[in-house]
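Shown next: final_23.txt, given as compact mmCIF, C-alpha atoms.
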# COMPACT_ATOMS: atom_id res chain seq x y z
CA SER A 1 -94.61 41.35 -66.85
CA ASP A 2 -91.34 41.75 -64.94
CA TYR A 3 -90.35 45.20 -63.80
CA TYR A 4 -87.96 46.77 -61.31
CA TYR A 5 -89.53 49.43 -59.12
CA VAL A 6 -87.79 52.77 -58.56
CA LYS A 7 -89.12 55.66 -56.49
CA GLN A 8 -88.54 58.51 -58.91
CA LYS A 9 -87.91 59.17 -62.56
CA PHE A 10 -84.71 61.20 -62.28
CA GLY A 11 -81.74 61.52 -59.95
CA TYR A 12 -82.36 65.17 -59.15
CA LEU A 13 -79.69 65.55 -56.48
CA SER A 14 -77.12 63.69 -58.54
CA ILE A 15 -77.67 66.07 -61.44
CA GLY A 16 -77.76 69.16 -59.21
CA LEU A 17 -74.65 68.08 -57.30
CA SER A 18 -72.67 67.43 -60.48
CA THR A 19 -73.67 70.84 -61.86
CA THR A 20 -72.72 72.58 -58.60
CA GLN A 21 -69.34 70.83 -58.43
CA LEU A 22 -68.62 71.80 -62.03
CA PHE A 23 -69.52 75.41 -61.26
CA ILE A 24 -67.31 75.51 -58.14
CA LEU A 25 -64.27 74.13 -59.96
CA ALA A 26 -64.79 76.54 -62.87
CA VAL A 27 -64.97 79.52 -60.50
CA GLN A 28 -61.88 78.35 -58.61
CA MET A 29 -59.86 78.07 -61.81
CA LEU A 30 -61.19 81.41 -63.12
CA LEU A 31 -60.44 83.35 -59.94
CA CYS A 32 -57.37 81.51 -58.70
CA GLY A 33 -55.72 80.26 -61.87
CA VAL A 34 -54.60 76.83 -63.03
CA ALA A 35 -51.63 75.29 -61.27
CA PRO A 36 -48.63 74.02 -63.26
CA PHE A 37 -48.67 70.32 -64.06
CA ASP A 38 -45.93 69.52 -61.55
CA VAL A 39 -48.03 71.11 -58.79
CA ASN A 40 -51.42 69.67 -59.78
CA PRO A 41 -51.43 67.12 -62.63
CA MET A 42 -55.24 66.92 -62.50
CA VAL A 43 -55.49 70.26 -64.39
CA GLY A 44 -56.90 72.25 -61.51
CA PRO A 45 -56.30 75.05 -59.03
CA TYR A 46 -53.38 75.42 -56.66
CA PRO A 47 -53.70 73.14 -53.60
CA ASP A 48 -53.95 76.03 -51.12
CA VAL A 49 -57.23 76.87 -52.87
CA ILE A 50 -58.62 73.50 -51.81
CA SER A 51 -58.10 74.42 -48.17
CA GLU A 52 -59.30 78.01 -48.60
CA TRP A 53 -62.55 76.79 -50.18
CA GLY A 54 -63.41 74.32 -47.40
CA GLY A 55 -61.19 71.33 -48.13
CA ARG A 56 -60.05 68.85 -45.51
CA ASN A 57 -57.34 70.43 -43.35
CA THR A 58 -56.86 68.47 -40.13
CA TYR A 59 -55.01 71.27 -38.36
CA LEU A 60 -57.88 73.70 -38.90
CA ILE A 61 -60.46 71.05 -37.95
CA VAL A 62 -58.82 70.29 -34.61
CA ASP A 63 -56.97 73.44 -33.61
CA GLY A 64 -59.39 75.85 -35.28
CA LEU A 65 -62.50 73.81 -34.44
CA GLN A 66 -63.67 74.12 -38.05
CA ILE A 67 -65.79 70.98 -37.74
CA TRP A 68 -67.69 71.79 -40.92
CA ARG A 69 -64.60 70.69 -42.86
CA LEU A 70 -65.62 67.10 -42.05
CA ILE A 71 -68.47 67.59 -44.58
CA THR A 72 -67.75 70.41 -47.05
CA PRO A 73 -64.88 68.79 -49.03
CA PHE A 74 -67.46 66.68 -50.91
CA ALA A 75 -68.13 69.72 -53.10
CA LEU A 76 -64.52 70.01 -54.25
CA HIS A 77 -62.33 68.30 -56.84
CA SER A 78 -58.60 68.36 -57.34
CA GLY A 79 -58.99 69.20 -61.01
CA VAL A 80 -60.80 68.71 -64.30
CA ILE A 81 -59.74 65.08 -64.75
CA HIS A 82 -60.90 64.18 -61.24
CA LEU A 83 -64.20 66.03 -61.81
CA LEU A 84 -64.96 64.28 -65.11
CA CYS A 85 -64.35 60.84 -63.62
CA ASN A 86 -66.53 61.54 -60.60
CA VAL A 87 -69.35 63.16 -62.55
CA ALA A 88 -69.47 60.19 -64.93
CA VAL A 89 -70.10 57.91 -61.94
CA GLN A 90 -72.56 60.34 -60.32
CA LEU A 91 -74.71 60.71 -63.42
CA GLU A 92 -74.81 56.97 -64.09
CA THR A 93 -74.51 54.71 -61.04
CA ALA A 94 -75.20 57.26 -58.30
CA ALA A 95 -78.18 58.71 -60.15
CA PHE A 96 -79.74 55.24 -60.45
CA PHE A 97 -79.26 54.68 -56.72
CA GLU A 98 -81.10 57.95 -56.10
CA ARG A 99 -83.97 56.92 -58.34
CA GLU A 100 -84.13 53.61 -56.49
CA TRP A 101 -83.82 54.89 -52.90
CA GLY A 102 -85.34 58.35 -53.19
CA SER A 103 -83.53 61.68 -52.87
CA ALA A 104 -83.81 61.94 -49.06
CA ARG A 105 -82.18 58.58 -48.35
CA TRP A 106 -79.61 59.20 -51.06
CA ALA A 107 -78.62 62.51 -49.48
CA VAL A 108 -78.23 60.96 -46.02
CA LEU A 109 -76.06 58.15 -47.38
CA TYR A 110 -73.97 60.49 -49.54
CA LEU A 111 -73.26 62.83 -46.61
CA SER A 112 -72.50 59.84 -44.40
CA GLY A 113 -69.85 58.82 -46.89
CA ALA A 114 -68.44 62.36 -46.96
CA PHE A 115 -68.26 62.50 -43.16
CA GLY A 116 -66.65 59.07 -42.89
CA CYS A 117 -64.20 59.97 -45.64
CA ASN A 118 -62.99 63.17 -43.98
CA LEU A 119 -62.89 61.68 -40.49
CA ALA A 120 -60.74 58.75 -41.61
CA SER A 121 -58.47 61.01 -43.68
CA SER A 122 -57.99 63.39 -40.77
CA ILE A 123 -56.81 60.53 -38.55
CA ILE A 124 -54.64 58.60 -41.01
CA SER A 125 -53.31 61.45 -43.16
CA PRO A 126 -53.38 64.55 -40.91
CA ASP A 127 -50.52 66.26 -42.73
CA GLU A 128 -52.26 66.43 -46.11
CA ILE A 129 -54.88 68.66 -47.75
CA SER A 130 -57.58 66.73 -49.59
CA VAL A 131 -61.04 66.72 -51.17
CA ALA A 132 -63.84 64.22 -50.48
CA SER A 133 -65.99 64.03 -53.60
CA SER A 134 -64.95 60.50 -54.50
CA GLY A 135 -64.99 59.46 -50.83
CA ALA A 136 -68.64 60.52 -50.65
CA LEU A 137 -69.34 58.36 -53.69
CA MET A 138 -67.75 55.46 -51.85
CA GLY A 139 -70.39 56.04 -49.19
CA LEU A 140 -73.10 55.28 -51.76
CA PHE A 141 -71.28 52.11 -52.78
CA GLY A 142 -70.99 51.10 -49.14
CA ALA A 143 -74.72 51.67 -48.73
CA LYS A 144 -75.47 49.50 -51.75
CA LEU A 145 -73.34 46.74 -50.22
CA ALA A 146 -75.38 47.11 -47.02
CA GLU A 147 -78.62 46.87 -49.03
CA VAL A 148 -77.50 43.76 -50.92
CA THR A 149 -76.29 42.19 -47.68
CA THR A 150 -79.63 42.90 -45.98
CA MET A 151 -81.71 41.61 -48.88
CA SER A 152 -79.57 38.48 -49.17
CA LEU A 153 -79.39 37.48 -45.51
CA PHE A 154 -82.93 38.22 -44.39
CA GLN A 155 -86.52 37.97 -45.60
CA THR A 156 -87.83 41.41 -46.44
CA ARG A 157 -91.25 42.96 -46.92
CA ARG A 158 -90.45 43.61 -50.58
CA ARG A 159 -90.22 40.56 -52.78
CA ARG A 160 -89.09 41.54 -56.25
CA GLY A 161 -88.79 38.07 -57.67
CA ASP A 162 -86.16 36.82 -60.05
CA LEU A 163 -85.80 40.19 -61.75
CA GLY A 164 -85.12 41.92 -58.43
CA ASN A 165 -82.50 39.34 -57.52
CA SER A 166 -80.92 39.65 -60.95
CA VAL A 167 -80.79 43.44 -60.73
CA ARG A 168 -79.24 43.33 -57.25
CA LEU A 169 -76.57 40.88 -58.38
CA GLU A 170 -75.84 43.07 -61.40
CA GLN A 171 -75.66 46.12 -59.13
CA LEU A 172 -73.30 44.31 -56.77
CA GLY A 173 -70.96 43.50 -59.64
CA GLY A 174 -71.17 47.08 -60.84
CA VAL A 175 -70.49 48.43 -57.35
CA LEU A 176 -67.40 46.25 -56.93
CA CYS A 177 -66.07 47.43 -60.29
CA ALA A 178 -66.87 51.06 -59.43
CA VAL A 179 -65.14 50.72 -56.06
CA ALA A 180 -62.05 49.44 -57.86
CA VAL A 181 -62.15 52.28 -60.40
CA VAL A 182 -62.78 55.03 -57.85
CA GLY A 183 -60.11 53.44 -55.68
CA LEU A 184 -57.61 54.26 -58.42
CA PHE A 185 -58.20 57.92 -57.62
CA THR A 186 -55.99 57.41 -54.57
CA LEU A 187 -53.07 57.50 -56.98
CA ILE A 188 -53.72 61.16 -57.80
CA PRO A 189 -52.73 64.16 -55.67
CA TYR A 190 -55.02 65.50 -52.90
CA VAL A 191 -57.07 62.27 -52.76
CA ASP A 192 -56.12 59.53 -50.30
CA TYR A 193 -56.97 55.87 -49.71
CA ALA A 194 -58.03 56.50 -46.11
CA GLY A 195 -60.85 58.75 -47.29
CA HIS A 196 -62.18 56.13 -49.68
CA LEU A 197 -62.08 53.46 -46.98
CA GLY A 198 -63.75 55.78 -44.46
CA GLY A 199 -66.46 56.71 -46.96
CA LEU A 200 -67.15 53.07 -47.74
CA CYS A 201 -67.44 52.17 -44.04
CA GLY A 202 -69.58 55.22 -43.28
CA GLY A 203 -72.04 54.47 -46.07
CA PHE A 204 -72.23 50.79 -45.12
CA SER A 205 -72.91 51.49 -41.43
CA VAL A 206 -75.66 54.05 -42.07
CA GLY A 207 -77.01 51.82 -44.86
CA VAL A 208 -77.50 48.98 -42.38
CA ILE A 209 -79.71 51.31 -40.31
CA ILE A 210 -81.73 52.53 -43.29
CA PHE A 211 -82.29 49.17 -44.96
CA ALA A 212 -83.07 47.38 -41.69
CA THR A 213 -86.56 48.88 -41.98
CA ARG A 214 -87.27 46.53 -44.89
CA LEU A 215 -87.00 43.38 -42.79
CA GLN A 216 -90.18 41.41 -42.27
CA SER A 217 -89.34 40.00 -38.84
CA THR A 218 -89.73 42.58 -36.07
CA PHE A 219 -86.99 40.95 -33.99
CA LEU A 220 -84.50 40.82 -36.86
CA LYS A 221 -85.41 44.36 -37.87
CA PHE A 222 -84.51 45.78 -34.47
CA ALA A 223 -81.45 43.52 -34.13
CA TRP A 224 -80.08 44.62 -37.53
CA LEU A 225 -81.00 48.23 -36.76
CA ALA A 226 -79.15 48.00 -33.44
CA THR A 227 -76.13 46.58 -35.26
CA GLY A 228 -76.05 49.58 -37.57
CA VAL A 229 -76.51 52.07 -34.73
CA ALA A 230 -73.70 50.39 -32.77
CA LEU A 231 -71.38 50.58 -35.78
CA VAL A 232 -72.11 54.27 -36.30
CA VAL A 233 -71.96 55.36 -32.66
CA ALA A 234 -68.84 53.34 -31.82
CA GLY A 235 -67.05 54.31 -35.03
CA VAL A 236 -67.80 58.04 -34.79
CA ALA A 237 -67.17 58.30 -31.04
CA TYR A 238 -63.86 56.47 -31.14
CA SER A 239 -62.69 58.31 -34.26
CA LEU A 240 -63.52 61.76 -32.89
CA LEU A 241 -61.87 60.96 -29.56
CA TYR A 242 -58.73 59.73 -31.33
CA LEU A 243 -58.71 62.73 -33.69
CA PHE A 244 -58.91 65.36 -30.94
CA GLN A 245 -56.73 63.59 -28.38
CA TYR A 246 -54.00 61.66 -30.17
CA VAL A 247 -53.48 62.82 -33.76
CA GLN A 248 -50.24 64.75 -34.24
CA LEU A 249 -51.02 67.98 -36.06
CA ASP A 250 -48.81 69.71 -38.60
CA GLU A 251 -48.83 73.33 -37.44
CA GLU A 252 -47.50 74.49 -40.81
CA LEU A 253 -50.94 73.76 -42.29
CA GLY A 254 -52.26 76.68 -40.28
CA ASP A 255 -50.94 78.81 -43.16
CA VAL A 256 -51.42 76.70 -46.28
CA CYS A 257 -50.14 79.45 -48.55
CA GLU A 258 -46.69 79.48 -46.96
CA TYR A 259 -46.74 75.70 -46.56
CA PHE A 260 -47.11 75.08 -50.30
CA ARG A 261 -44.73 77.89 -51.22
CA ARG A 262 -42.04 76.09 -49.25
CA LEU A 263 -43.05 72.71 -50.66
CA PHE A 264 -42.90 73.94 -54.27
CA ALA A 265 -39.89 76.20 -54.40
CA GLU A 266 -40.55 77.53 -57.90
CA GLY A 267 -43.65 78.25 -59.97
CA TYR A 268 -46.13 78.43 -57.09
CA ASP A 269 -48.58 81.31 -56.88
CA CYS A 270 -50.70 81.89 -53.80
CA ASN A 271 -53.07 84.74 -54.51
CA CYS A 272 -56.59 83.44 -54.03
CA LEU A 273 -58.94 83.62 -51.07
CA ALA A 274 -62.40 82.03 -50.82

What would you get if you wrote out this structure as structure tokens?
Amino acid sequence: SDYYYVKQKFGYLSIGLSTTQLFILAVQMLLCGVAPFDVNPMVGPYPDVISEWGGRNTYLIVDGLQIWRLITPFALHSGVIHLLCNVAVQLETAAFFEREWGSARWAVLYLSGAFGCNLASSIISPDEISVASSGALMGLFGAKLAEVTTMSLFQTRRRRGDLGNSVRLEQLGGVLCAVAVVGLFTLIPYVDYAGHLGGLCGGFSVGVIIFATRLQSTFLKFAWLATGVALVVAGVAYSLLYLFQYVQLDEELGDVCEYFRRLFAEGYDCNCLA
């Protein structure tokens, strides 16, 4: 009978990540309060809290050498509405990807998306504070596009028959729809289009490397692997060089509390530290 093979029964990291992100947002709102709607329409904390808790702040990344901020924003959300939308995708689509790929590969691809998201955001939108949870999800979608591309262009060691092809086509359609939906998050505060694009590219590039191992031909395997490595090395090297040499920093973001107090003249409280 037809079946579609997956590596594990549950998406353990997807579930654990969603729970952790929910806990972090709840603690932020409990300790730091809920911002007025005109400050944060996502029903969440004040935006300075995002930076204080490890959000993407280009000034601190470059001038303060807080490189870890190119990863940590994946754990943060701008508010309850943003969290619910992301968790719905994580517990459905992302969890299935984890079951299919295995937790280790899933984690690498997710973090690749987070890194690509924050790197792109830091270059294109250096004067904004942002999170990267949905950008990291875009990394998983980029990786799925890389997998479908690999399986479609080349002969692989795994032949899953008509059911496998059908599932991959269905996944591709689902990924394109999910990309469109998650892309709508760019319309909300503290999430930007550059991060989504960077996450998608980061996940695709690393996905090419990971899924190249499935190719049957040794020559094509190493050629496709080299393509992925070239994309990652060239993209990361050029982006980091541009970020640290040419991006114009907003020095006011060195003190996010005062920055947002000036931006929102009335109704802004800044009384929370991580």

Please determine, counting only C-alpha atoms, which residue among A:Tyr12, A:Phe97, A:Tyr5, A:Trp53 has the shortest atom-to-atom distance to Leu76 of chain A.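 Using only C-alpha atoms, the shortest distance to Leu76 of chain A belongs to A:Trp53.
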
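Checking A:Val62, A:Met42, A:Ala194, A:Ile81 one by one against Gly254 of chain A, counting all atoms listed in the file, you find the shortest gap at A:Val62.
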
Using all atoms listed in the file: which of A:Asp48, A:Asp192, A:Asp127, A:Asp255 has the shortest distance to Val34 of chain A: A:Asp48

Determine the nearest neighbour of Tyr59 of chain A from the options A:Tyr193, A:Phe141, A:Tyr238, A:Phe244, counting all atoms listed in the file. A:Phe244

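Among A:Gln8, A:Ser205, A:Thr19, A:Asn118, the residue with the shortest atom-to-atom distance to Ser133 of chain A, counting only C-alpha atoms, is A:Asn118.
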
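The nearest approach to Cys272 of chain A among the residues A:Phe37, A:Phe74, A:Tyr46, A:Tyr242, with all atoms listed in the file taken into account, belongs to A:Tyr46.
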
Residues within 9 Å of Gly139 of chain A, please, as a ChimeraX atom specification. Count all atoms listed in the file; anything in the same chain fewer than 6 positions from it doesn't count. /A:109-114,116-117,196-204,207

Skipping near chain neighbours, those fewer than 6 positions away, what residues fall within 10 Å of Ala230 of chain A using all atoms listed in the file, listed as a PDB file with C-alpha atoms, keeping the file's coordinate frame?
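Wrote it out as result_35.pdb, contents follow:
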ATOM      1  CA  SER A 205     -72.910  51.490 -41.430  1.00  0.00           C
ATOM      2  CA  ILE A 209     -79.710  51.310 -40.310  1.00  0.00           C
ATOM      3  CA  TRP A 224     -80.080  44.620 -37.530  1.00  0.00           C
ATOM      4  CA  VAL A 236     -67.800  58.040 -34.790  1.00  0.00           C
TER       5      VAL A 236
END

So that I can check the surroundings of segment 166-182 of chain A, please list as a PDB file with C-alpha atoms, in the coordinates of the input every protein, DNA and RNA residue that reaches within 9 Å of it, counting all atoms listed in the file and ignoring chain neighbours fewer than 5 positions away.
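And here's result_29.pdb as it stands now:
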ATOM      1  CA  TYR A   4     -87.960  46.770 -61.310  1.00  0.00           C
ATOM      2  CA  CYS A  85     -64.350  60.840 -63.620  1.00  0.00           C
ATOM      3  CA  ASN A  86     -66.530  61.540 -60.600  1.00  0.00           C
ATOM      4  CA  VAL A  89     -70.100  57.910 -61.940  1.00  0.00           C
ATOM      5  CA  THR A  93     -74.510  54.710 -61.040  1.00  0.00           C
ATOM      6  CA  SER A 134     -64.950  60.500 -54.500  1.00  0.00           C
ATOM      7  CA  GLY A 135     -64.990  59.460 -50.830  1.00  0.00           C
ATOM      8  CA  LEU A 137     -69.340  58.360 -53.690  1.00  0.00           C
ATOM      9  CA  MET A 138     -67.750  55.460 -51.850  1.00  0.00           C
ATOM     10  CA  PHE A 141     -71.280  52.110 -52.780  1.00  0.00           C
ATOM     11  CA  GLY A 142     -70.990  51.100 -49.140  1.00  0.00           C
ATOM     12  CA  LYS A 144     -75.470  49.500 -51.750  1.00  0.00           C
ATOM     13  CA  LEU A 145     -73.340  46.740 -50.220  1.00  0.00           C
ATOM     14  CA  GLU A 147     -78.620  46.870 -49.030  1.00  0.00           C
ATOM     15  CA  VAL A 148     -77.500  43.760 -50.920  1.00  0.00           C
ATOM     16  CA  MET A 151     -81.710  41.610 -48.880  1.00  0.00           C
ATOM     17  CA  GLY A 161     -88.790  38.070 -57.670  1.00  0.00           C
ATOM     18  CA  HIS A 196     -62.180  56.130 -49.680  1.00  0.00           C
ATOM     19  CA  LEU A 200     -67.150  53.070 -47.740  1.00  0.00           C
TER      20      LEU A 200
END

Quick one: distance from atom CA of Ile124 of chain A to atom CA of Val87 of chain A in Å, one decimal? 26.5 Å

Centre, edges in Å (one decimal): axis-aligned box, segment 116-131 of chain A, 5 Å padding on all six sides, as AutoDock Vina command-line options:
--center_x -58.6 --center_y 63.6 --center_z -44.9 --size_x 26.1 --size_y 20.1 --size_z 22.6

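By chain and then residue number, the residues within 6 Å of Val80 of chain A are A:Val43, A:Gly44, A:His82, A:Leu83, counting all atoms listed in the file and disregarding those fewer than 2 positions away in sequence.
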
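Coordinates place atom CA of Leu31 of chain A at a distance of 22.4 Å from atom CA of Leu263 of chain A.
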
List as a list of chain:residue names the protein and nucleic acid residues near segment 188-191 of chain A, meaning an atom at most 8 Å away when all atoms listed in the file are counted, but skip any in the same chain fewer than 4 places from it. A:Asn40, A:Pro41, A:Met42, A:Pro47, A:Ser78, A:Glu128, A:Ile129, A:Ser130, A:Val131, A:Ala132, A:Leu184, A:Gly195

Do you have the atom CA of Ala75 of chain A-atom CA of Asp269 of chain A distance handy? 23.0 Å

Provide segment 44-55 of chain A rebuilt to all heavy atoms, formatted as a JSON list (two decimals), in the frame of the given file.
[["chain", "number", "residue", "atom", "x", "y", "z"],
["A", 44, "GLY", "N", -56.03, 71.58, -62.46],
["A", 44, "GLY", "CA", -56.90, 72.25, -61.51],
["A", 44, "GLY", "C", -56.21, 73.38, -60.79],
["A", 44, "GLY", "O", -55.10, 73.78, -61.16],
["A", 45, "PRO", "N", -56.85, 73.90, -59.76],
["A", 45, "PRO", "CA", -56.30, 75.05, -59.03],
["A", 45, "PRO", "C", -55.11, 74.66, -58.16],
["A", 45, "PRO", "O", -54.81, 73.47, -57.98],
["A", 45, "PRO", "CB", -57.48, 75.50, -58.17],
["A", 45, "PRO", "CG", -58.25, 74.24, -57.93],
["A", 45, "PRO", "CD", -58.14, 73.46, -59.21],
["A", 46, "TYR", "N", -54.46, 75.65, -57.60],
["A", 46, "TYR", "CA", -53.38, 75.42, -56.66],
["A", 46, "TYR", "C", -53.94, 74.76, -55.40],
["A", 46, "TYR", "O", -55.07, 75.04, -54.99],
["A", 46, "TYR", "CB", -52.69, 76.73, -56.31],
["A", 46, "TYR", "CG", -51.87, 77.30, -57.45],
["A", 46, "TYR", "CD1", -52.47, 78.10, -58.43],
["A", 46, "TYR", "CD2", -50.52, 77.04, -57.54],
["A", 46, "TYR", "CE1", -51.72, 78.62, -59.48],
["A", 46, "TYR", "CE2", -49.76, 77.56, -58.59],
["A", 46, "TYR", "CZ", -50.37, 78.35, -59.55],
["A", 46, "TYR", "OH", -49.63, 78.85, -60.60],
["A", 47, "PRO", "N", -53.17, 73.88, -54.74],
["A", 47, "PRO", "CA", -53.70, 73.14, -53.60],
["A", 47, "PRO", "C", -54.11, 73.99, -52.41],
["A", 47, "PRO", "O", -54.97, 73.57, -51.63],
["A", 47, "PRO", "CB", -52.55, 72.19, -53.24],
["A", 47, "PRO", "CG", -51.34, 72.75, -53.88],
["A", 47, "PRO", "CD", -51.81, 73.43, -55.11],
["A", 48, "ASP", "N", -53.51, 75.19, -52.24],
["A", 48, "ASP", "CA", -53.95, 76.03, -51.12],
["A", 48, "ASP", "C", -55.40, 76.46, -51.30],
["A", 48, "ASP", "O", -56.12, 76.72, -50.34],
["A", 48, "ASP", "CB", -53.04, 77.25, -50.98],
["A", 48, "ASP", "CG", -53.14, 78.20, -52.17],
["A", 48, "ASP", "OD1", -52.51, 77.91, -53.21],
["A", 48, "ASP", "OD2", -53.86, 79.20, -52.06],
["A", 49, "VAL", "N", -55.85, 76.51, -52.58],
["A", 49, "VAL", "CA", -57.23, 76.87, -52.87],
["A", 49, "VAL", "C", -58.20, 75.83, -52.31],
["A", 49, "VAL", "O", -59.30, 76.16, -51.83],
["A", 49, "VAL", "CB", -57.44, 77.03, -54.39],
["A", 49, "VAL", "CG1", -58.90, 77.31, -54.72],
["A", 49, "VAL", "CG2", -56.55, 78.13, -54.93],
["A", 50, "ILE", "N", -57.78, 74.56, -52.35],
["A", 50, "ILE", "CA", -58.62, 73.50, -51.81],
["A", 50, "ILE", "C", -58.92, 73.76, -50.33],
["A", 50, "ILE", "O", -60.07, 73.65, -49.89],
["A", 50, "ILE", "CB", -57.93, 72.13, -51.99],
["A", 50, "ILE", "CG1", -57.82, 71.79, -53.47],
["A", 50, "ILE", "CG2", -58.70, 71.03, -51.24],
["A", 50, "ILE", "CD1", -57.05, 70.51, -53.76],
["A", 51, "SER", "N", -57.90, 74.13, -49.59],
["A", 51, "SER", "CA", -58.10, 74.42, -48.17],
["A", 51, "SER", "C", -58.92, 75.70, -47.98],
["A", 51, "SER", "O", -59.83, 75.74, -47.15],
["A", 51, "SER", "CB", -56.75, 74.55, -47.46],
["A", 51, "SER", "OG", -56.91, 74.86, -46.09],
["A", 52, "GLU", "N", -58.60, 76.73, -48.74],
["A", 52, "GLU", "CA", -59.30, 78.01, -48.60],
["A", 52, "GLU", "C", -60.79, 77.87, -48.90],
["A", 52, "GLU", "O", -61.61, 78.59, -48.32],
["A", 52, "GLU", "CB", -58.68, 79.05, -49.53],
["A", 52, "GLU", "CG", -57.27, 79.49, -49.15],
["A", 52, "GLU", "CD", -57.23, 80.35, -47.90],
["A", 52, "GLU", "OE1", -58.29, 80.75, -47.43],
["A", 52, "GLU", "OE2", -56.12, 80.60, -47.41],
["A", 53, "TRP", "N", -61.16, 76.94, -49.77],
["A", 53, "TRP", "CA", -62.55, 76.79, -50.18],
["A", 53, "TRP", "C", -63.26, 75.67, -49.39],
["A", 53, "TRP", "O", -64.30, 75.18, -49.81],
["A", 53, "TRP", "CB", -62.64, 76.52, -51.67],
["A", 53, "TRP", "CG", -62.41, 77.75, -52.50],
["A", 53, "TRP", "CD1", -61.28, 78.52, -52.54],
["A", 53, "TRP", "CD2", -63.33, 78.36, -53.41],
["A", 53, "TRP", "NE1", -61.43, 79.56, -53.42],
["A", 53, "TRP", "CE2", -62.68, 79.49, -53.97],
["A", 53, "TRP", "CE3", -64.62, 78.05, -53.82],
["A", 53, "TRP", "CZ2", -63.31, 80.31, -54.90],
["A", 53, "TRP", "CZ3", -65.23, 78.88, -54.76],
["A", 53, "TRP", "CH2", -64.58, 79.99, -55.29],
["A", 54, "GLY", "N", -62.71, 75.28, -48.27],
["A", 54, "GLY", "CA", -63.41, 74.32, -47.40],
["A", 54, "GLY", "C", -62.92, 72.90, -47.48],
["A", 54, "GLY", "O", -63.61, 71.98, -47.01],
["A", 55, "GLY", "N", -61.73, 72.68, -48.04],
["A", 55, "GLY", "CA", -61.19, 71.33, -48.13],
["A", 55, "GLY", "C", -60.78, 70.78, -46.78],
["A", 55, "GLY", "O", -60.75, 71.49, -45.77]]
